[in-house]
Amino acid sequence: MIEISSLNQVESLVIGLTILGTGGGGDPNEGLKMLRNIIESGRSIKLIEVNELTNDALIVVPYNVGSVAPGTISKKPSKIIEPIKRAFIEMEKLLGKRIQAVVASELGGSNTPAALYIASEMKLPAINGDLLGRAAPELHQCTVHIFGIPMYPAVIVTKSGNVIIVKEYSDIDDYEAIARYLSVLEGTYAAVVDTPMGIEDAKKAVIPKTITYALKLGETVLEARRKNANPVEAVVEYLKGWKIFEGIVKRYIWENKGGFLRGEAFVEGVGNFRGRLLRSWIMNEHIMAWIDEKPVLMPPDLLAFLKNDGTPITNTELKEGMLINAIATRAPEVWRTPKGLELFGPKHFGFNYDYIPVEELIKKNLP
């Protein structure tokens with residue numbers, strides 16, 4: 001078991017999670033607040049590996065679904081203060097069995113802390129891993145679908161007082177639509193606890209050690225700052241990735257549509273990238289990117305925007321006039337499989353491209 005027990009650790013963790021959140025994954029300020037509350041109350045965050053659980057262990061996945069685009073507000077008065085905690089309690093009632101651990105649905109500045117927070121609140125460990133390896137916009141992008149593991153039964157709760165149990169769904173398209181619609185009704189997000197599974201399914205679905213990976217990534221940023229080194233270069237080295245662009249955001253168009261932040265960012269190059277243009281297509285996260293209209297990154301590979309000090313920029317904070325460094329790295333291998341690409345490749349998002357790995361696109365289009 002690993003314990004995260006200091007404020008420095010939670011700061012590092014949120015930085016790393018937000019970089020891996022690729023522009024989405026929720027508000028890191030909210031995530032930091034949640035994790036600080038754990039530490040300041042005298043508790044710690046307990047992380048375990050899947051194989052440390054007993055063979056009869058029951059694991060669930062707590063997260064929030066919806067848009068946190070600027071200006072989004074709840075449409076009704078709040079009746080449930082902690083919807084994710086209520087969803088967890090209702091899930092235990094539904095299953096009639098004590099839950100032994102939680103696992104994060106994705107990596108992101110507040111969605112991962114939400115899972116860690118509810119684990120601490122319920123005096124449970126969280127698995128050192130997640131079901132995505134980055135952040136992504138839809139419920140389709142979850143490793144359980146690759147291995148045929150259902151996400152039902154599920155409990156969905158909104159602050160306004162909706163408590164919905166999804167006993168079964170016909171397919172993931174319908175489940176995504178149900179959860180997303182509840183978030184749209186709320187105006188912001190809905191809290192979800194779903195995917196109850198045993199240890200054998202968890203061994204298949206969990207991408208291991210991603211929480212400590214994010215923690216060390218954040219520590220790398222802070223260490224570079226302390227040493228007056230280049231934090232952006234430190235991130236690139238840690239991720240075994242590439243700095244694919246540096247420039248000024250000249251245009252950023254977005255809308256809050258159907259429970260997603262959808263938009264495009266246009267970045268004019270500076271320095272070595274002067275005279276070039278980066279375009280990123282956004283659906284909560286950075287999904288697809290072009291330089292001079294040639295693809296340089298396709299989903300499921302990762303693109304993150306960083307400030308010069310290594311601070312990750314979420315797409316809710318992104319603004320015209322910002323100087324950004326665009327960092328790319330490979331997606332976990334599970335997403336590069338045929339089934340993974342069906343759920344998370346460019347054609348899933350409506351782009352008529354066959355997936356080309358980022359390392360090949362960079363060689364081809366970014367000399």
# chains A, B, ... in the order shown; residues from 1 in each chain; ligands from 1
call {"tool": "residues_around", "arguments": {"residues": "Gly66 (chain A)", "least_positions_apart": "3", "cutoff": "6 Å", "atoms": "only C-alpha atoms", "output": "list in words"}}
result
Ser183, Thr188, Tyr189 and Gly259 of chain A
call {"tool": "write_last_selection", "arguments": {"atoms": "N, CA and C atoms", "output": "mmCIF file, in the first residue's frame"}}
result
data_model
loop_
_atom_site.group_PDB
_atom_site.id
_atom_site.type_symbol
_atom_site.label_atom_id
_atom_site.label_comp_id
_atom_site.auth_asym_id
_atom_site.auth_seq_id
_atom_site.Cartn_x
_atom_site.Cartn_y
_atom_site.Cartn_z
ATOM 1 N N SER A 183 -26.869 15.263 -16.943
ATOM 2 C CA SER A 183 -25.963 16.387 -16.701
ATOM 3 C C SER A 183 -26.485 17.662 -17.365
ATOM 4 N N THR A 188 -24.771 21.395 -15.183
ATOM 5 C CA THR A 188 -23.322 21.264 -14.987
ATOM 6 C C THR A 188 -22.910 19.803 -15.142
ATOM 7 N N TYR A 189 -23.065 19.029 -14.078
ATOM 8 C CA TYR A 189 -22.621 17.636 -14.121
ATOM 9 C C TYR A 189 -23.537 16.768 -13.283
ATOM 10 N N GLY A 259 -23.880 18.918 -23.338
ATOM 11 C CA GLY A 259 -23.128 18.419 -22.192
ATOM 12 C C GLY A 259 -21.638 18.302 -22.435
#
call {"tool": "residues_around", "arguments": {"residues": "Ile59 (chain A)", "least_positions_apart": "4", "cutoff": "10 Å", "atoms": "only C-alpha atoms", "output": "PDB file with C-alpha atoms, in the first residue's frame"}}
result
ATOM      1  CA  VAL A  50      -5.291  -4.750  -7.812  1.00  0.00           C
ATOM      2  CA  LEU A  53      -7.266  -7.069  -2.905  1.00  0.00           C
ATOM      3  CA  ARG A  98     -19.821  -3.862   1.080  1.00  0.00           C
ATOM      4  CA  ILE A  99     -17.561  -2.178  -1.491  1.00  0.00           C
ATOM      5  CA  GLN A 100     -13.852  -2.776  -0.823  1.00  0.00           C
ATOM      6  CA  ALA A 101     -12.152  -0.304  -3.187  1.00  0.00           C
ATOM      7  CA  VAL A 102     -12.686   2.303  -5.883  1.00  0.00           C
ATOM      8  CA  VAL A 103     -10.893   2.926  -9.158  1.00  0.00           C
ATOM      9  CA  ALA A 126      -8.237   3.492  -4.191  1.00  0.00           C
ATOM     10  CA  ILE A 127      -6.579   1.345  -6.822  1.00  0.00           C
ATOM     11  CA  ASP A 194     -20.976   2.394 -11.834  1.00  0.00           C
ATOM     12  CA  THR A 195     -19.059  -0.636 -13.139  1.00  0.00           C
ATOM     13  CA  PRO A 196     -19.190  -2.891 -10.069  1.00  0.00           C
ATOM     14  CA  MET A 197     -16.612  -5.590 -10.744  1.00  0.00           C
ATOM     15  CA  GLY A 198     -14.569  -8.296  -9.102  1.00  0.00           C
ATOM     16  CA  ILE A 199     -10.851  -8.676  -9.023  1.00  0.00           C
ATOM     17  CA  ASP A 201     -12.307  -8.123 -14.298  1.00  0.00           C
ATOM     18  CA  ALA A 202     -10.298  -5.389 -12.593  1.00  0.00           C
TER      19      ALA A 202
END
call {"tool": "closest_atom_pairs", "arguments": {"of": "region 130-189 of chain A", "to": "region 270-287 of chain A", "cutoff": "12 Å", "atoms": "only C-alpha atoms", "output": "tab-separated table"}}
result
residue	atom	partner	partner_atom	distance
A:Arg134	CA	A:Glu285	CA	9.7
A:Ala135	CA	A:Glu285	CA	7.0
A:Ala136	CA	A:Glu285	CA	6.2
A:Pro137	CA	A:Asn284	CA	5.7
A:Glu138	CA	A:Met283	CA	9.2
call {"tool": "closest_atom_pairs", "arguments": {"of": "region 155-223 of chain A", "to": "region 1-24 of chain A", "cutoff": "9 Å", "atoms": "only C-alpha atoms", "output": "tab-separated table"}}
result
residue	atom	partner	partner_atom	distance
A:Ile211	CA	A:Leu13	CA	7.7
A:Thr212	CA	A:Leu13	CA	8.0
A:Tyr213	CA	A:Gly16	CA	8.0
A:Ala214	CA	A:Gly16	CA	4.4
A:Leu215	CA	A:Leu13	CA	4.1
A:Lys216	CA	A:Gly16	CA	7.3
A:Leu217	CA	A:Gly16	CA	5.0
A:Gly218	CA	A:Ser12	CA	4.1
A:Glu219	CA	A:Ser12	CA	5.1
A:Thr220	CA	A:Ser12	CA	8.4
A:Val221	CA	A:Ser12	CA	8.0
A:Leu222	CA	A:Ser12	CA	7.3
call {"tool": "closest_residue", "arguments": {"among": "A:Leu341, A:Ala177, A:Val155, A:Val334", "to": "Val192 (chain A)", "atoms": "only C-alpha atoms"}}
result
A:Val155
call {"tool": "closest_residue", "arguments": {"among": "A:Val157, A:Glu293, A:Glu106, A:Arg43", "to": "Lys85 (chain A)", "atoms": "only C-alpha atoms"}}
result
A:Val157
call {"tool": "closest_residue", "arguments": {"among": "A:Thr314, A:Thr158, A:Thr329, A:Thr337", "to": "Lys79 (chain A)", "atoms": "only C-alpha atoms"}}
result
A:Thr158
call {"tool": "residues_around", "arguments": {"residues": "Arg86 (chain A)", "least_positions_apart": "4", "cutoff": "12 Å", "atoms": "only C-alpha atoms", "output": "ChimeraX atom specification"}}
result
/A:62,79-82,90-93,118,121-122,155-159,161-164,190-193
call {"tool": "atom_distance", "arguments": {"atom1": "CA of Ile327 (chain A)", "atom2": "CA of Ser110 (chain A)"}}
result
20.7 Å
call {"tool": "closest_atom_pairs", "arguments": {"of": "region 206-268 of chain A", "to": "region 141-151 of chain A", "cutoff": "12 Å", "atoms": "only C-alpha atoms", "output": "JSON lines"}}
result
{"residue": "A:Val206", "atom": "CA", "partner": "A:Thr143", "partner_atom": "CA", "distance": 7.4}
{"residue": "A:Ile207", "atom": "CA", "partner": "A:Thr143", "partner_atom": "CA", "distance": 8.3}
{"residue": "A:Pro208", "atom": "CA", "partner": "A:Thr143", "partner_atom": "CA", "distance": 12.0}
call {"tool": "write_last_selection", "arguments": {"atoms": "N, CA and C atoms", "output": "PDB file, in the first residue's frame"}}
result
ATOM      1  N   VAL A 206      -8.050  -2.438 -15.531  1.00  0.00           N
ATOM      2  CA  VAL A 206      -7.300  -1.333 -14.919  1.00  0.00           C
ATOM      3  C   VAL A 206      -5.957  -1.145 -15.616  1.00  0.00           C
ATOM      4  N   ILE A 207      -5.683   0.093 -16.031  1.00  0.00           N
ATOM      5  CA  ILE A 207      -4.339   0.456 -16.490  1.00  0.00           C
ATOM      6  C   ILE A 207      -3.526   0.741 -15.229  1.00  0.00           C
ATOM      7  N   PRO A 208      -2.516  -0.058 -14.932  1.00  0.00           N
ATOM      8  CA  PRO A 208      -1.911  -0.010 -13.598  1.00  0.00           C
ATOM      9  C   PRO A 208      -0.967   1.165 -13.386  1.00  0.00           C
TER      10      PRO A 208
END
call {"tool": "closest_residue", "arguments": {"among": "A:Leu95, A:Ala289, A:Val65, A:Ile39", "to": "Leu116 (chain A)", "atoms": "only C-alpha atoms"}}
result
A:Ile39
call {"tool": "decode", "arguments": {"residues": "region 209-240 of chain A", "atoms": "N, CA and C atoms", "output": "PDB file, in the first residue's frame"}}
result
ATOM      1  N   LYS A 209      -0.884   1.556 -12.103  1.00  0.00           N
ATOM      2  CA  LYS A 209       0.116   2.501 -11.583  1.00  0.00           C
ATOM      3  C   LYS A 209       0.016   3.900 -12.183  1.00  0.00           C
ATOM      4  N   THR A 210      -1.149   4.272 -12.705  1.00  0.00           N
ATOM      5  CA  THR A 210      -1.257   5.591 -13.328  1.00  0.00           C
ATOM      6  C   THR A 210      -1.344   6.721 -12.300  1.00  0.00           C
ATOM      7  N   ILE A 211      -1.810   6.436 -11.095  1.00  0.00           N
ATOM      8  CA  ILE A 211      -1.888   7.499 -10.078  1.00  0.00           C
ATOM      9  C   ILE A 211      -0.479   7.895  -9.634  1.00  0.00           C
ATOM     10  N   THR A 212       0.354   6.916  -9.326  1.00  0.00           N
ATOM     11  CA  THR A 212       1.730   7.247  -8.952  1.00  0.00           C
ATOM     12  C   THR A 212       2.501   7.811 -10.141  1.00  0.00           C
ATOM     13  N   TYR A 213       2.153   7.393 -11.350  1.00  0.00           N
ATOM     14  CA  TYR A 213       2.767   7.964 -12.559  1.00  0.00           C
ATOM     15  C   TYR A 213       2.464   9.465 -12.634  1.00  0.00           C
ATOM     16  N   ALA A 214       1.200   9.836 -12.387  1.00  0.00           N
ATOM     17  CA  ALA A 214       0.811  11.247 -12.395  1.00  0.00           C
ATOM     18  C   ALA A 214       1.484  12.010 -11.260  1.00  0.00           C
ATOM     19  N   LEU A 215       1.584  11.387 -10.092  1.00  0.00           N
ATOM     20  CA  LEU A 215       2.242  12.017  -8.953  1.00  0.00           C
ATOM     21  C   LEU A 215       3.692  12.358  -9.299  1.00  0.00           C
ATOM     22  N   LYS A 216       4.406  11.406  -9.859  1.00  0.00           N
ATOM     23  CA  LYS A 216       5.815  11.636 -10.209  1.00  0.00           C
ATOM     24  C   LYS A 216       5.954  12.661 -11.330  1.00  0.00           C
ATOM     25  N   LEU A 217       4.981  12.704 -12.231  1.00  0.00           N
ATOM     26  CA  LEU A 217       4.991  13.717 -13.287  1.00  0.00           C
ATOM     27  C   LEU A 217       4.899  15.111 -12.676  1.00  0.00           C
ATOM     28  N   GLY A 218       3.972  15.296 -11.748  1.00  0.00           N
ATOM     29  CA  GLY A 218       3.846  16.588 -11.078  1.00  0.00           C
ATOM     30  C   GLY A 218       5.092  16.947 -10.287  1.00  0.00           C
ATOM     31  N   GLU A 219       5.685  15.954  -9.619  1.00  0.00           N
ATOM     32  CA  GLU A 219       6.927  16.200  -8.885  1.00  0.00           C
ATOM     33  C   GLU A 219       8.041  16.624  -9.825  1.00  0.00           C
ATOM     34  N   THR A 220       8.042  16.068 -11.028  1.00  0.00           N
ATOM     35  CA  THR A 220       9.043  16.442 -12.038  1.00  0.00           C
ATOM     36  C   THR A 220       8.922  17.922 -12.402  1.00  0.00           C
ATOM     37  N   VAL A 221       7.695  18.417 -12.550  1.00  0.00           N
ATOM     38  CA  VAL A 221       7.470  19.831 -12.858  1.00  0.00           C
ATOM     39  C   VAL A 221       7.992  20.708 -11.726  1.00  0.00           C
ATOM     40  N   LEU A 222       7.621  20.392 -10.494  1.00  0.00           N
ATOM     41  CA  LEU A 222       8.021  21.220  -9.354  1.00  0.00           C
ATOM     42  C   LEU A 222       9.520  21.177  -9.126  1.00  0.00           C
ATOM     43  N   GLU A 223      10.126  20.010  -9.331  1.00  0.00           N
ATOM     44  CA  GLU A 223      11.575  19.878  -9.179  1.00  0.00           C
ATOM     45  C   GLU A 223      12.309  20.715 -10.225  1.00  0.00           C
ATOM     46  N   ALA A 224      11.808  20.725 -11.452  1.00  0.00           N
ATOM     47  CA  ALA A 224      12.422  21.546 -12.499  1.00  0.00           C
ATOM     48  C   ALA A 224      12.348  23.025 -12.138  1.00  0.00           C
ATOM     49  N   ARG A 225      11.228  23.456 -11.588  1.00  0.00           N
ATOM     50  CA  ARG A 225      11.109  24.858 -11.164  1.00  0.00           C
ATOM     51  C   ARG A 225      12.117  25.187 -10.065  1.00  0.00           C
ATOM     52  N   ARG A 226      12.230  24.305  -9.088  1.00  0.00           N
ATOM     53  CA  ARG A 226      13.165  24.550  -7.974  1.00  0.00           C
ATOM     54  C   ARG A 226      14.605  24.658  -8.462  1.00  0.00           C
ATOM     55  N   LYS A 227      14.950  23.884  -9.484  1.00  0.00           N
ATOM     56  CA  LYS A 227      16.320  23.868  -9.999  1.00  0.00           C
ATOM     57  C   LYS A 227      16.547  24.899 -11.105  1.00  0.00           C
ATOM     58  N   ASN A 228      15.514  25.726 -11.372  1.00  0.00           N
ATOM     59  CA  ASN A 228      15.583  26.688 -12.476  1.00  0.00           C
ATOM     60  C   ASN A 228      15.866  26.003 -13.813  1.00  0.00           C
ATOM     61  N   ALA A 229      15.410  24.764 -13.936  1.00  0.00           N
ATOM     62  CA  ALA A 229      15.485  24.036 -15.201  1.00  0.00           C
ATOM     63  C   ALA A 229      14.230  24.346 -16.005  1.00  0.00           C
ATOM     64  N   ASN A 230      14.113  23.756 -17.187  1.00  0.00           N
ATOM     65  CA  ASN A 230      12.964  23.995 -18.063  1.00  0.00           C
ATOM     66  C   ASN A 230      11.881  22.957 -17.766  1.00  0.00           C
ATOM     67  N   PRO A 231      10.769  23.363 -17.113  1.00  0.00           N
ATOM     68  CA  PRO A 231       9.731  22.383 -16.768  1.00  0.00           C
ATOM     69  C   PRO A 231       9.087  21.723 -17.976  1.00  0.00           C
ATOM     70  N   VAL A 232       8.961  22.449 -19.078  1.00  0.00           N
ATOM     71  CA  VAL A 232       8.343  21.870 -20.272  1.00  0.00           C
ATOM     72  C   VAL A 232       9.216  20.738 -20.808  1.00  0.00           C
ATOM     73  N   GLU A 233      10.518  20.983 -20.879  1.00  0.00           N
ATOM     74  CA  GLU A 233      11.440  19.930 -21.312  1.00  0.00           C
ATOM     75  C   GLU A 233      11.405  18.745 -20.352  1.00  0.00           C
ATOM     76  N   ALA A 234      11.265  19.038 -19.056  1.00  0.00           N
ATOM     77  CA  ALA A 234      11.204  17.960 -18.066  1.00  0.00           C
ATOM     78  C   ALA A 234       9.964  17.092 -18.276  1.00  0.00           C
ATOM     79  N   VAL A 235       8.836  17.719 -18.607  1.00  0.00           N
ATOM     80  CA  VAL A 235       7.602  16.974 -18.876  1.00  0.00           C
ATOM     81  C   VAL A 235       7.771  16.100 -20.110  1.00  0.00           C
ATOM     82  N   VAL A 236       8.336  16.676 -21.173  1.00  0.00           N
ATOM     83  CA  VAL A 236       8.546  15.925 -22.412  1.00  0.00           C
ATOM     84  C   VAL A 236       9.409  14.693 -22.150  1.00  0.00           C
ATOM     85  N   GLU A 237      10.479  14.890 -21.384  1.00  0.00           N
ATOM     86  CA  GLU A 237      11.376  13.772 -21.089  1.00  0.00           C
ATOM     87  C   GLU A 237      10.673  12.708 -20.260  1.00  0.00           C
ATOM     88  N   TYR A 238       9.920  13.128 -19.246  1.00  0.00           N
ATOM     89  CA  TYR A 238       9.231  12.168 -18.387  1.00  0.00           C
ATOM     90  C   TYR A 238       8.208  11.352 -19.179  1.00  0.00           C
ATOM     91  N   LEU A 239       7.471  12.016 -20.036  1.00  0.00           N
ATOM     92  CA  LEU A 239       6.420  11.339 -20.812  1.00  0.00           C
ATOM     93  C   LEU A 239       6.969  10.569 -22.005  1.00  0.00           C
ATOM     94  N   LYS A 240       8.275  10.717 -22.258  1.00  0.00           N
ATOM     95  CA  LYS A 240       8.864  10.141 -23.482  1.00  0.00           C
ATOM     96  C   LYS A 240       8.084  10.622 -24.701  1.00  0.00           C
TER      97      LYS A 240
END
